[in-house]
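What follows is the content of coords.cif (mmCIF, C-alpha atoms).
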data_start
#
loop_
_atom_site.label_atom_id
_atom_site.label_comp_id
_atom_site.auth_asym_id
_atom_site.auth_seq_id
_atom_site.Cartn_x
_atom_site.Cartn_y
_atom_site.Cartn_z
CA MET A 1 16.09 -21.02 -1.44
CA GLY A 2 14.79 -18.79 -4.22
CA LEU A 3 16.79 -15.57 -4.57
CA THR A 4 20.18 -15.34 -2.88
CA PHE A 5 21.81 -11.95 -2.62
CA ILE A 6 25.40 -11.99 -3.87
CA SER A 7 26.57 -8.37 -4.06
CA SER A 8 25.55 -4.85 -4.94
CA GLN A 9 27.19 -1.67 -6.16
CA THR A 10 25.97 1.91 -6.04
CA ALA A 11 27.14 4.31 -8.71
CA SER A 12 28.62 7.69 -7.97
CA SER A 13 29.67 9.21 -11.28
CA ASP A 14 31.37 5.96 -12.30
CA SER A 15 32.37 5.15 -15.87
CA SER A 16 31.20 1.59 -15.29
CA LEU A 17 30.14 -0.85 -12.62
CA ASP A 18 31.80 -4.24 -13.00
CA PHE A 19 30.67 -7.44 -11.31
CA THR A 20 33.83 -9.54 -11.44
CA SER A 21 33.07 -12.16 -8.81
CA GLY A 22 30.17 -14.34 -7.79
CA ILE A 23 29.24 -15.37 -11.33
CA ASP A 24 30.09 -19.03 -11.70
CA SER A 25 28.44 -22.45 -11.68
CA THR A 26 26.90 -21.97 -8.22
CA TYR A 27 23.65 -20.86 -9.82
CA ASN A 28 21.98 -21.73 -13.09
CA GLU A 29 20.39 -18.29 -13.33
CA TYR A 30 21.57 -14.83 -12.22
CA LEU A 31 19.35 -11.80 -11.72
CA PHE A 32 20.53 -8.19 -11.67
CA THR A 33 18.19 -5.56 -10.29
CA ILE A 34 18.77 -2.03 -11.46
CA VAL A 35 17.23 0.67 -9.31
CA ASN A 36 17.10 4.34 -10.22
CA TYR A 37 19.80 4.52 -12.87
CA LYS A 38 20.65 8.09 -13.81
CA PRO A 39 23.45 9.16 -16.19
CA VAL A 40 25.62 12.23 -15.94
CA THR A 41 24.97 12.99 -19.62
CA ASP A 42 21.35 13.44 -20.58
CA GLU A 43 19.76 10.74 -22.74
CA SER A 44 22.64 8.32 -22.19
CA LYS A 45 21.33 4.79 -22.29
CA LEU A 46 22.22 2.08 -19.83
CA GLY A 47 23.90 -0.98 -21.31
CA PHE A 48 25.79 -4.09 -20.36
CA GLN A 49 28.55 -6.28 -21.70
CA VAL A 50 30.21 -9.45 -20.44
CA ASP A 51 33.57 -11.13 -20.47
CA THR A 52 35.32 -14.41 -19.76
CA GLY A 53 38.04 -15.42 -17.33
CA THR A 54 39.86 -12.36 -16.05
CA ASN A 55 39.56 -10.49 -19.31
CA THR A 56 38.51 -6.85 -19.29
CA SER A 57 37.72 -5.99 -22.89
CA TYR A 58 33.97 -6.54 -22.44
CA GLY A 59 33.43 -7.10 -26.14
CA GLN A 60 31.68 -10.46 -26.43
CA THR A 61 29.58 -11.25 -29.51
CA ILE A 62 25.86 -10.63 -29.00
CA THR A 63 22.79 -11.21 -31.15
CA SER A 64 19.78 -9.48 -29.62
CA THR A 65 16.30 -8.03 -30.02
CA SER A 66 14.95 -4.79 -28.59
CA TRP A 67 11.45 -3.37 -28.45
CA LYS A 68 9.47 -0.94 -26.37
CA ALA A 69 6.06 0.12 -25.17
CA GLY A 70 5.63 3.80 -24.43
CA HIS A 71 2.95 6.16 -23.16
CA ALA A 72 2.94 9.94 -22.68
CA GLU A 73 1.91 11.40 -19.33
CA ASP A 74 -0.58 13.67 -21.14
CA ASP A 75 -2.10 10.58 -22.79
CA GLY A 76 -1.39 12.07 -26.22
CA TRP A 77 0.93 9.35 -27.49
CA SER A 78 1.55 5.68 -27.09
CA VAL A 79 3.60 3.15 -29.01
CA LEU A 80 4.57 -0.50 -29.33
CA SER A 81 7.52 -0.88 -31.68
CA TYR A 82 10.74 -2.70 -32.46
CA ASN A 83 13.95 -0.73 -31.77
CA GLY A 84 15.96 -1.30 -34.92
CA ASP A 85 18.86 0.83 -33.70
CA GLU A 86 19.21 -0.88 -30.34
CA ASP A 87 19.63 -4.54 -31.30
CA GLN A 88 22.83 -6.31 -32.35
CA ALA A 89 23.60 -8.92 -35.04
CA GLN A 90 26.78 -10.59 -33.87
CA GLY A 91 27.88 -7.22 -32.53
CA THR A 92 30.42 -6.60 -29.79
CA ALA A 93 29.19 -3.24 -28.54
CA LEU A 94 27.63 -2.35 -25.22
CA GLN A 95 24.13 -3.88 -25.33
CA ARG A 96 21.69 -1.10 -24.54
CA ILE A 97 18.90 -2.08 -22.20
CA SER A 98 17.24 1.24 -21.30
CA TYR A 99 15.41 3.37 -23.81
CA SER A 100 17.14 6.44 -22.44
CA GLY A 101 18.49 7.98 -19.28
CA GLU A 102 17.51 11.28 -17.78
CA SER A 103 20.02 13.56 -16.09
CA GLY A 104 17.51 16.33 -15.47
CA SER A 105 14.96 16.34 -12.68
CA ASN A 106 16.04 14.35 -9.67
CA GLU A 107 13.00 12.13 -9.76
CA MET A 108 13.52 10.92 -13.34
CA THR A 109 15.37 7.59 -13.49
CA SER A 110 15.30 4.09 -14.99
CA SER A 111 14.78 0.80 -13.16
CA GLY A 112 14.48 -2.84 -14.17
CA THR A 113 16.13 -6.23 -14.31
CA LEU A 114 18.62 -8.27 -16.32
CA THR A 115 18.53 -12.07 -16.19
CA LEU A 116 21.50 -14.11 -17.37
CA TYR A 117 20.96 -17.83 -17.86
CA ALA A 118 23.66 -20.41 -17.09
CA PRO A 119 26.63 -18.08 -17.68
CA SER A 120 29.18 -20.72 -16.67
CA ASP A 121 27.87 -23.35 -19.06
CA GLY A 122 30.49 -24.71 -21.44
CA THR A 123 28.12 -26.04 -24.10
CA TYR A 124 25.45 -23.49 -25.00
CA VAL A 125 25.22 -19.85 -25.98
CA LYS A 126 24.25 -17.63 -23.05
CA HIS A 127 20.66 -16.40 -23.15
CA PHE A 128 19.66 -13.16 -21.44
CA THR A 129 16.49 -11.11 -20.97
CA ALA A 130 16.15 -7.55 -19.71
CA ARG A 131 13.31 -5.17 -18.99
CA VAL A 132 13.95 -1.59 -17.95
CA ASN A 133 11.40 1.18 -17.51
CA THR A 134 12.43 4.82 -17.98
CA GLN A 135 10.73 8.08 -17.19
CA TYR A 136 11.74 9.94 -20.33
CA GLN A 137 11.41 13.61 -21.16
CA SER A 138 11.37 15.23 -24.59
CA GLY A 139 10.72 18.95 -24.50
CA SER A 140 8.10 19.49 -21.85
CA ASP A 141 6.51 16.10 -22.41
CA LYS A 142 7.22 13.12 -20.19
CA TYR A 143 6.78 9.47 -20.98
CA ALA A 144 6.96 5.99 -19.51
CA ILE A 145 9.07 3.83 -21.83
CA ASP A 146 9.11 0.11 -21.04
CA ASN A 147 12.10 -1.40 -22.87
CA PHE A 148 12.51 -5.13 -23.53
CA VAL A 149 15.85 -6.56 -24.65
CA ALA A 150 16.81 -10.21 -25.06
CA GLY A 151 19.21 -12.40 -26.95
CA TYR A 152 22.31 -14.45 -26.47
CA VAL A 153 26.00 -13.99 -25.99
CA ASN A 154 27.21 -16.17 -28.82
CA THR A 155 29.95 -18.04 -27.03
CA THR A 156 30.21 -21.44 -25.40
CA THR A 157 32.96 -20.19 -23.09
CA ALA A 158 31.94 -19.53 -19.50
CA LEU A 159 31.11 -15.93 -18.67
CA THR A 160 32.53 -14.67 -15.40
CA ARG A 161 31.88 -10.94 -15.34
CA VAL A 162 29.29 -8.35 -16.24
CA ARG A 163 29.83 -4.65 -16.85
CA PHE A 164 27.16 -1.94 -16.74
CA ALA A 165 27.97 1.36 -18.46
CA THR A 166 26.26 4.15 -20.34
CA THR A 167 26.41 5.04 -23.99
CA SER A 168 28.03 8.38 -23.11
CA GLY A 169 29.69 9.72 -19.99
CA ASN A 170 29.36 8.24 -16.52
CA ILE A 171 26.67 6.65 -14.39
CA LEU A 172 25.65 9.36 -11.93
CA THR A 173 23.55 7.23 -9.59
CA GLY A 174 21.87 3.87 -9.38
CA THR A 175 22.05 0.70 -7.34
CA PHE A 176 22.85 -2.56 -9.08
CA ALA A 177 22.38 -5.80 -7.17
CA LEU A 178 23.28 -9.35 -8.17
CA TYR A 179 21.26 -12.38 -7.05
CA GLY A 180 21.58 -16.10 -7.64
CA VAL A 181 18.38 -17.98 -8.42
CA SER A 182 18.19 -21.48 -7.03
CA MET B 1 8.01 -11.69 -2.38
CA ALA B 2 9.86 -14.89 -1.62
CA LYS B 3 10.56 -17.81 -3.89
CA THR B 4 10.89 -21.29 -2.46
CA LEU B 5 12.52 -24.02 -4.51
CA ILE B 6 10.14 -26.96 -4.66
CA LYS B 7 11.68 -29.30 -7.21
CA SER B 8 14.42 -29.38 -9.81
CA LEU B 9 14.30 -31.79 -12.74
CA THR B 10 17.16 -32.32 -15.19
CA ALA B 11 16.54 -33.91 -18.55
CA SER B 12 18.69 -36.67 -19.96
CA SER B 13 17.14 -37.86 -23.20
CA SER B 14 13.76 -37.52 -21.49
CA SER B 15 10.47 -37.68 -23.37
CA SER B 16 9.07 -35.07 -21.00
CA LEU B 17 9.64 -33.44 -17.61
CA ASP B 18 6.50 -33.61 -15.47
CA PHE B 19 5.72 -32.02 -12.10
CA VAL B 20 2.88 -33.85 -10.33
CA ASP B 21 1.50 -32.73 -6.98
CA GLY B 22 2.21 -35.25 -4.27
CA THR B 23 4.85 -37.07 -6.28
CA SER B 24 8.61 -36.82 -5.65
CA ASP B 25 8.20 -33.92 -3.21
CA VAL B 26 6.29 -31.78 -5.71
CA VAL B 27 3.74 -29.42 -4.20
CA MET B 28 1.20 -27.82 -6.53
CA ASP B 29 -1.79 -26.92 -4.41
CA ASN B 30 -2.98 -23.97 -2.35
CA THR B 31 0.33 -23.71 -0.48
CA TYR B 32 1.39 -20.95 -2.86
CA PRO B 33 -0.69 -18.49 -4.90
CA VAL B 34 1.85 -18.45 -7.74
CA TYR B 35 4.18 -21.10 -9.08
CA GLU B 36 7.16 -20.36 -11.34
CA PHE B 37 8.98 -22.79 -13.61
CA HIS B 38 12.46 -21.64 -14.64
CA PHE B 39 13.73 -23.65 -17.59
CA VAL B 40 17.39 -23.26 -18.55
CA ASN B 41 19.10 -24.50 -21.70
CA MET B 42 16.43 -26.94 -22.80
CA HIS B 43 18.06 -28.70 -25.73
CA PRO B 44 16.10 -30.88 -28.17
CA ALA B 45 17.31 -34.17 -29.58
CA THR B 46 15.55 -33.26 -32.84
CA ASP B 47 16.06 -30.08 -34.86
CA SER B 48 13.31 -27.49 -35.37
CA VAL B 49 10.94 -28.68 -32.67
CA SER B 50 8.89 -26.63 -30.24
CA PHE B 51 9.32 -26.63 -26.48
CA SER B 52 5.86 -26.63 -24.94
CA PHE B 53 3.71 -27.30 -21.87
CA GLN B 54 0.28 -28.65 -20.93
CA VAL B 55 -1.48 -29.41 -17.65
CA ASN B 56 -3.80 -31.96 -16.11
CA ALA B 57 -6.69 -30.93 -13.88
CA THR B 58 -7.47 -32.94 -10.76
CA ASP B 59 -10.40 -34.60 -12.55
CA ASP B 60 -7.93 -35.96 -15.10
CA ALA B 61 -5.19 -37.06 -12.73
CA GLY B 62 -2.54 -39.09 -14.51
CA GLY B 63 -4.07 -38.18 -17.85
CA ASP B 64 -2.32 -37.65 -21.14
CA TYR B 65 -2.16 -33.85 -20.96
CA ASP B 66 -4.68 -33.52 -23.75
CA THR B 67 -7.97 -32.35 -22.25
CA SER B 68 -7.35 -28.94 -20.64
CA THR B 69 -8.41 -26.12 -22.96
CA ILE B 70 -6.00 -23.21 -23.35
CA GLN B 71 -6.73 -19.72 -24.64
CA SER B 72 -3.52 -17.81 -25.32
CA THR B 73 -1.58 -15.09 -27.10
CA TYR B 74 1.91 -15.38 -28.55
CA PHE B 75 4.21 -12.64 -29.81
CA ALA B 76 7.96 -12.44 -30.23
CA ALA B 77 10.83 -10.21 -31.19
CA ARG B 78 13.31 -11.76 -33.60
CA HIS B 79 16.69 -10.87 -35.05
CA TYR B 80 18.88 -12.85 -37.42
CA GLU B 81 22.55 -13.28 -36.64
CA ASN B 82 23.29 -12.10 -40.20
CA ASP B 83 21.08 -9.04 -39.62
CA ALA B 84 18.80 -10.07 -42.51
CA ALA B 85 15.66 -9.15 -40.58
CA ALA B 86 14.47 -7.93 -37.22
CA ALA B 87 10.88 -7.44 -36.08
CA LEU B 88 8.28 -7.67 -33.38
CA ASP B 89 5.36 -9.84 -34.51
CA TYR B 90 2.21 -11.51 -33.27
CA ASN B 91 2.43 -15.21 -34.19
CA THR B 92 -0.95 -16.67 -35.06
CA GLY B 93 0.59 -20.10 -35.59
CA PHE B 94 1.47 -20.50 -31.94
CA ASP B 95 -1.49 -19.05 -30.05
CA LYS B 96 -4.44 -21.19 -29.03
CA ALA B 97 -8.21 -20.68 -29.16
CA LEU B 98 -9.48 -23.16 -26.59
CA GLY B 99 -7.04 -25.74 -27.90
CA THR B 100 -6.12 -28.85 -25.95
CA THR B 101 -2.68 -29.60 -27.38
CA TYR B 102 0.56 -28.49 -25.73
CA GLN B 103 1.15 -24.71 -25.71
CA VAL B 104 4.24 -23.79 -27.72
CA LEU B 105 6.85 -21.71 -25.87
CA GLY B 106 9.54 -21.55 -28.54
CA GLU B 107 11.22 -23.42 -31.36
CA ALA B 108 14.79 -24.36 -30.58
CA GLY B 109 17.43 -25.66 -32.92
CA ASN B 110 19.54 -28.62 -31.93
CA ASP B 111 22.97 -27.39 -32.89
CA ASN B 112 25.22 -28.23 -29.98
CA ASP B 113 25.09 -24.68 -28.65
CA GLN B 114 21.37 -23.99 -29.23
CA SER B 115 18.68 -24.09 -26.55
CA ILE B 116 15.71 -22.30 -24.98
CA SER B 117 15.55 -20.64 -21.57
CA GLY B 118 12.81 -18.74 -19.77
CA VAL B 119 10.23 -18.52 -17.02
CA LEU B 120 6.60 -19.67 -16.85
CA ALA B 121 4.36 -18.32 -14.06
CA LEU B 122 1.15 -20.16 -13.21
CA TYR B 123 -1.33 -18.26 -11.07
CA ASP B 124 -3.52 -19.84 -8.40
CA PRO B 125 -3.67 -23.33 -9.97
CA SER B 126 -5.63 -24.72 -7.02
CA SER B 127 -8.55 -22.33 -7.48
CA THR B 128 -11.91 -23.98 -8.01
CA THR B 129 -13.56 -20.67 -8.93
CA TYR B 130 -11.43 -19.04 -11.59
CA VAL B 131 -9.71 -19.95 -14.83
CA LYS B 132 -5.92 -20.37 -14.42
CA HIS B 133 -3.82 -17.55 -15.85
CA PHE B 134 -0.24 -18.03 -16.98
CA THR B 135 2.52 -15.81 -18.39
CA VAL B 136 5.76 -16.87 -20.07
CA SER B 137 8.89 -15.11 -21.30
CA THR B 138 11.61 -16.99 -23.15
CA ASN B 139 14.68 -16.48 -25.24
CA PHE B 140 15.80 -19.15 -27.64
CA SER B 141 18.20 -19.98 -30.45
CA HIS B 142 15.98 -20.60 -33.45
CA PRO B 143 17.23 -23.25 -35.92
CA GLY B 144 17.71 -20.51 -38.52
CA ASP B 145 20.37 -18.82 -36.36
CA ILE B 146 17.90 -16.26 -35.05
CA THR B 147 17.47 -14.99 -31.53
CA ARG B 148 13.79 -14.94 -30.58
CA ASN B 149 12.34 -13.43 -27.43
CA SER B 150 8.81 -14.82 -27.06
CA PHE B 151 5.99 -13.73 -24.78
CA ILE B 152 3.10 -16.09 -24.19
CA ALA B 153 0.14 -15.57 -21.92
CA GLY B 154 -3.37 -16.84 -21.49
CA TYR B 155 -5.50 -19.01 -19.30
CA ILE B 156 -6.42 -22.62 -18.84
CA ASN B 157 -10.16 -22.40 -19.27
CA ASP B 158 -11.07 -24.64 -16.37
CA THR B 159 -12.33 -23.94 -12.84
CA THR B 160 -11.11 -27.34 -11.68
CA ALA B 161 -7.84 -27.28 -9.75
CA ILE B 162 -4.66 -27.90 -11.76
CA ASP B 163 -2.02 -30.05 -10.06
CA GLU B 164 0.07 -31.57 -12.87
CA ILE B 165 2.19 -29.88 -15.53
CA SER B 166 4.24 -31.37 -18.34
CA PHE B 167 7.02 -29.92 -20.50
CA LYS B 168 8.25 -31.55 -23.70
CA PHE B 169 9.36 -30.90 -27.26
CA SER B 170 6.86 -31.34 -30.08
CA SER B 171 8.90 -34.25 -31.40
CA GLY B 172 11.78 -36.25 -30.00
CA ASN B 173 13.29 -36.14 -26.56
CA ILE B 174 14.56 -33.40 -24.31
CA ASP B 175 18.26 -34.08 -24.74
CA ALA B 176 19.32 -31.86 -21.83
CA GLY B 177 18.17 -28.97 -19.67
CA THR B 178 16.95 -28.16 -16.18
CA ILE B 179 13.55 -26.98 -14.96
CA LYS B 180 13.24 -25.59 -11.45
CA MET B 181 9.82 -25.22 -9.83
CA PHE B 182 9.37 -22.43 -7.27
CA GLY B 183 6.53 -21.45 -4.99
CA VAL B 184 6.05 -17.69 -4.83
CA SER B 185 4.65 -16.16 -1.68
#
Written as C-alpha cells, how would this file's structure read?
Amino acid sequence: MGLTFISSQTASSDSSLDFTSGIDSTYNEYLFTIVNYKPVTDESKLGFQVDTGTNTSYGQTITSTSWKAGHAEDDGWSVLSYNGDEDQAQGTALQRISYSGESGSNEMTSSGTLTLYAPSDGTYVKHFTARVNTQYQSGSDKYAIDNFVAGYVNTTTALTRVRFATTSGNILTGTFALYGVS
Amino acid sequence: MAKTLIKSLTASSSSSLDFVDGTSDVVMDNTYPVYEFHFVNMHPATDSVSFSFQVNATDDAGGDYDTSTIQSTYFAARHYENDAAAALDYNTGFDKALGTTYQVLGEAGNDNDQSISGVLALYDPSSTTYVKHFTVSTNFSHPGDITRNSFIAGYINDTTAIDEISFKFSSGNIDAGTIKMFGVS
C-alpha cells in the first residue's frame, strides 16, 4: 500500500489547524506534509502539539532536539548548529519545527514533513521526526534554513490528535496533509 | 514516488529480524531501485544495547552477516529530559571505516516505555557495478533518559548484489517492534 491519504487542511488566516480524526491504530506510522506555510506575523515559527482522547489543551510533555543547516543566497554565510532555544526538556509548549516563517514576499514560505510513530501505542513514548525548510529573510539577505526536529511525546497514552499553530498570530496560508504509512 | 509494502516482520523475543530475497515473499532485487525499512518501537530485552543492521551479498547467501564492509558516518542531536545537556555531535564510536560488524543505528534503553524508531533507505542493492549507498534517520529513548535523533549514512563497499539484510540488538533479543519493508518506485 505505501502511503494512504487520510485528510488535508488548507490554512486561511487560522489560529490553528487541528487533525482530530484519522489518527488511531490503523497505521503504525503517520506522515504530515506541510506545503508552503506562511504566517500572518513575520518570523512566526510553525509548531505542533498533540493531545489524547477528545482533549483540547494540546499540552503534552515533550523532550526534543532541534538543529539546522543554513546557507545565504549570496553565498556569504553558512551554518550547521544546534538550536538551544527551540528544543524542549519535558516541556509542554508548542514544539517549533520551522526555523522561521516569512510573511513578506509571496514566494517566501516553509515546507517539510512531520512523522509520528505509533501514536496509538499504549506501551511506549511516541517518537517523532520533522524536517522543514524555510526561505528566510533578514534585512536584504535571504537564506535557506533546513530545520531538523525530533524527540518523543513522553506519554504511554494513545495520541489521537495533532495541532499545527504558529508562535505568534495566525497561519496565513499552507496546506497540511495527513497520510498513513502501511 | 510510490511505496509498495513488501513484508512486515514483528519481533517477539527474536534474536534478529531478517529480510531475505526469495524467502517468505521478500523481494530484494532489481524490482525496485530503492528499498525502505521502517522500524517502529524496537524494544530491547537488554538495557543499553544498540539496534543495528548488516547485509549479506549474493556471494555469501545465508552467511552470518559478517563479511560485507561498511564505510559510514554517524551524527546525532541529543537532549536530556532534565535539560542537563543538549548538542549536535559527530559520534566516532558508531561510524565504520570498512568495518564488517553490524552498523549501529541507535542505543535504546529497555525501560517499558523506551524504544527506537526510524527509517533506513537502501539504494540499488541489486547493482553489480556500484557500491550500495544507505541513509538512516532514527529517534530513540537513550537509557540515560535522553532523546537522540541519529543520522547514519554510508555505503556497503561491494559491487556484488545485496539481497539479505538483518536487524538486531548488539546483545540480547528484540523484545518487541515491527519492521516494514517497502519498495520505492
Notebook entry, point to check: Residues picked by the PyMOL selection byres ((chain A) within 8 of (chain B)) here, as number ranges by chain?
Noted result: A: 1-3, 28-29, 63-67, 81-82, 84, 87-90, 117-118, 123-125, 127-129, 150-152, 156, 182
Checklist line | Ser110 in chain A surroundings by all atoms listed in the file, 7 Å radius, close-in-sequence under 3 positions cut, as a list in words | finding: Val35, Asn36, Tyr37, Lys38, Gly101, Val132, Asn133, Thr134 and Gln135 of chain A
Next item on the list: Apply the PyMOL selection byres ((chain A and resi 4-11) around 12) to the file shown and report the selected residues as a PyMOL selection string.
Entry: (chain A and resi 1-3+12-24+26-27+29-40+163-166+170-182) or (chain B and resi 2-5)
Save out the residues we just selected, C-alpha atoms, as a compact mmCIF listing (two decimals), keeping the file's coordinate frame.
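Final output, saved to selection.txt:
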# COMPACT_ATOMS: atom_id res chain seq x y z
CA MET A 1 16.09 -21.02 -1.44
CA GLY A 2 14.79 -18.79 -4.22
CA LEU A 3 16.79 -15.57 -4.57
CA SER A 12 28.62 7.69 -7.97
CA SER A 13 29.67 9.21 -11.28
CA ASP A 14 31.37 5.96 -12.30
CA SER A 15 32.37 5.15 -15.87
CA SER A 16 31.20 1.59 -15.29
CA LEU A 17 30.14 -0.85 -12.62
CA ASP A 18 31.80 -4.24 -13.00
CA PHE A 19 30.67 -7.44 -11.31
CA THR A 20 33.83 -9.54 -11.44
CA SER A 21 33.07 -12.16 -8.81
CA GLY A 22 30.17 -14.34 -7.79
CA ILE A 23 29.24 -15.37 -11.33
CA ASP A 24 30.09 -19.03 -11.70
CA THR A 26 26.90 -21.97 -8.22
CA TYR A 27 23.65 -20.86 -9.82
CA GLU A 29 20.39 -18.29 -13.33
CA TYR A 30 21.57 -14.83 -12.22
CA LEU A 31 19.35 -11.80 -11.72
CA PHE A 32 20.53 -8.19 -11.67
CA THR A 33 18.19 -5.56 -10.29
CA ILE A 34 18.77 -2.03 -11.46
CA VAL A 35 17.23 0.67 -9.31
CA ASN A 36 17.10 4.34 -10.22
CA TYR A 37 19.80 4.52 -12.87
CA LYS A 38 20.65 8.09 -13.81
CA PRO A 39 23.45 9.16 -16.19
CA VAL A 40 25.62 12.23 -15.94
CA ARG A 163 29.83 -4.65 -16.85
CA PHE A 164 27.16 -1.94 -16.74
CA ALA A 165 27.97 1.36 -18.46
CA THR A 166 26.26 4.15 -20.34
CA ASN A 170 29.36 8.24 -16.52
CA ILE A 171 26.67 6.65 -14.39
CA LEU A 172 25.65 9.36 -11.93
CA THR A 173 23.55 7.23 -9.59
CA GLY A 174 21.87 3.87 -9.38
CA THR A 175 22.05 0.70 -7.34
CA PHE A 176 22.85 -2.56 -9.08
CA ALA A 177 22.38 -5.80 -7.17
CA LEU A 178 23.28 -9.35 -8.17
CA TYR A 179 21.26 -12.38 -7.05
CA GLY A 180 21.58 -16.10 -7.64
CA VAL A 181 18.38 -17.98 -8.42
CA SER A 182 18.19 -21.48 -7.03
CA ALA B 2 9.86 -14.89 -1.62
CA LYS B 3 10.56 -17.81 -3.89
CA THR B 4 10.89 -21.29 -2.46
CA LEU B 5 12.52 -24.02 -4.51
Might you spell out which residues the PyMOL selection byres ((chain B and resi 176) around 9) would select in the displayed file, as a JSON list (two decimals) with C-alpha atoms, keeping the file's coordinate frame?
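Output file out-v4.json is given in full below:
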[["chain", "number", "residue", "atom", "x", "y", "z"],
["B", 10, "THR", "CA", 17.16, -32.32, -15.19],
["B", 11, "ALA", "CA", 16.54, -33.91, -18.55],
["B", 12, "SER", "CA", 18.69, -36.67, -19.96],
["B", 13, "SER", "CA", 17.14, -37.86, -23.20],
["B", 14, "SER", "CA", 13.76, -37.52, -21.49],
["B", 41, "ASN", "CA", 19.10, -24.50, -21.70],
["B", 42, "MET", "CA", 16.43, -26.94, -22.80],
["B", 43, "HIS", "CA", 18.06, -28.70, -25.73],
["B", 44, "PRO", "CA", 16.10, -30.88, -28.17],
["B", 45, "ALA", "CA", 17.31, -34.17, -29.58],
["B", 173, "ASN", "CA", 13.29, -36.14, -26.56],
["B", 174, "ILE", "CA", 14.56, -33.40, -24.31],
["B", 175, "ASP", "CA", 18.26, -34.08, -24.74],
["B", 177, "GLY", "CA", 18.17, -28.97, -19.67],
["B", 178, "THR", "CA", 16.95, -28.16, -16.18]]
Item checked: For Phe53 in chain B: contacts at 6 Å, all atoms listed in the file, fewer than 2 positions along chain excluded, given as a PyMOL selection string -> chain B and resi 102-103+166-167
Item checked: Ile156 in chain B surroundings by all atoms listed in the file, 10 Å radius, close-in-sequence under 2 positions cut, as number ranges by chain -> B: 54-55, 57, 68-72, 98-100, 122, 125, 130-134, 154, 158-160, 162
Item checked: Contacts of Gly53 in chain A at 10 Å (only C-alpha atoms; same-chain gap of 5+ positions) as a VMD selection string -> chain A and resid 20 157 to 161
Next item on the list: Provide the CA of Thr155 in chain A to CA of Ile152 in chain B distance in Å, to one decimal place.
Entry: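 Between CA of Thr155 in chain A and CA of Ile152 in chain B the gap works out to 27.1 Å.
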Item checked: d(CA of Thr109 in chain A, CA of Ala144 in chain A) in Å ->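 If I compute the distance from CA of Thr109 in chain A to CA of Ala144 in chain A, I get 10.5 Å.
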Using only the atoms of range 76-79 of chain B listed in the file, plus 8 Å on each side, state the axis-aligned box centre and edge lengths in Å rounded to one decimal, as JSON.
{"center_x": 12.3, "center_y": -11.3, "center_z": -32.6, "size_x": 24.7, "size_y": 18.2, "size_z": 20.8}
Item checked: Nearest-residue call for Thr61 in chain A, choices A:Thr113, A:Gln49, A:Thr41, A:Ser78, using only C-alpha atoms ->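 Of all the options, A:Gln49 lies closest to Thr61 in chain A.
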Notebook entry, point to check: What does the distance from CA of Leu116 in chain A to CA of Thr92 in chain B come to in Å, to one decimal?
Noted result: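 Atom-to-atom, CA of Leu116 in chain A and CA of Thr92 in chain B are spaced 28.7 Å apart.
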Expected file content for range 118-129 of chain A, N, CA and C atoms, as a short mmCIF file (atom, residue, chain, number, x, y, z; two decimals), in the first residue's frame:
data_model
loop_
_atom_site.label_atom_id
_atom_site.label_comp_id
_atom_site.auth_asym_id
_atom_site.auth_seq_id
_atom_site.Cartn_x
_atom_site.Cartn_y
_atom_site.Cartn_z
N ALA A 118 3.70 5.35 15.68
CA ALA A 118 2.81 4.56 16.55
C ALA A 118 2.10 5.42 17.59
N PRO A 119 1.33 6.42 17.17
CA PRO A 119 0.71 7.32 18.15
C PRO A 119 -0.31 6.63 19.06
N SER A 120 -0.89 5.52 18.59
CA SER A 120 -1.94 4.88 19.39
C SER A 120 -1.39 3.83 20.34
N ASP A 121 -0.08 3.64 20.31
CA ASP A 121 0.52 2.61 21.16
C ASP A 121 0.28 2.93 22.64
N GLY A 122 0.02 1.89 23.42
CA GLY A 122 -0.25 2.09 24.84
C GLY A 122 0.91 1.72 25.73
N THR A 123 2.07 1.45 25.15
CA THR A 123 3.22 0.99 25.93
C THR A 123 4.39 1.98 25.90
N TYR A 124 4.69 2.52 24.72
CA TYR A 124 5.92 3.30 24.55
C TYR A 124 5.64 4.80 24.45
N VAL A 125 6.71 5.58 24.70
CA VAL A 125 6.64 7.00 24.37
C VAL A 125 6.46 7.13 22.87
N LYS A 126 6.09 8.31 22.40
CA LYS A 126 5.74 8.48 20.98
C LYS A 126 6.83 9.28 20.27
N HIS A 127 7.64 8.58 19.48
CA HIS A 127 8.73 9.24 18.76
C HIS A 127 8.19 10.05 17.58
N PHE A 128 8.89 11.15 17.29
CA PHE A 128 8.55 11.93 16.10
C PHE A 128 9.83 12.50 15.49
N THR A 129 9.78 12.74 14.18
CA THR A 129 10.86 13.43 13.48
C THR A 129 10.23 14.44 12.53
#
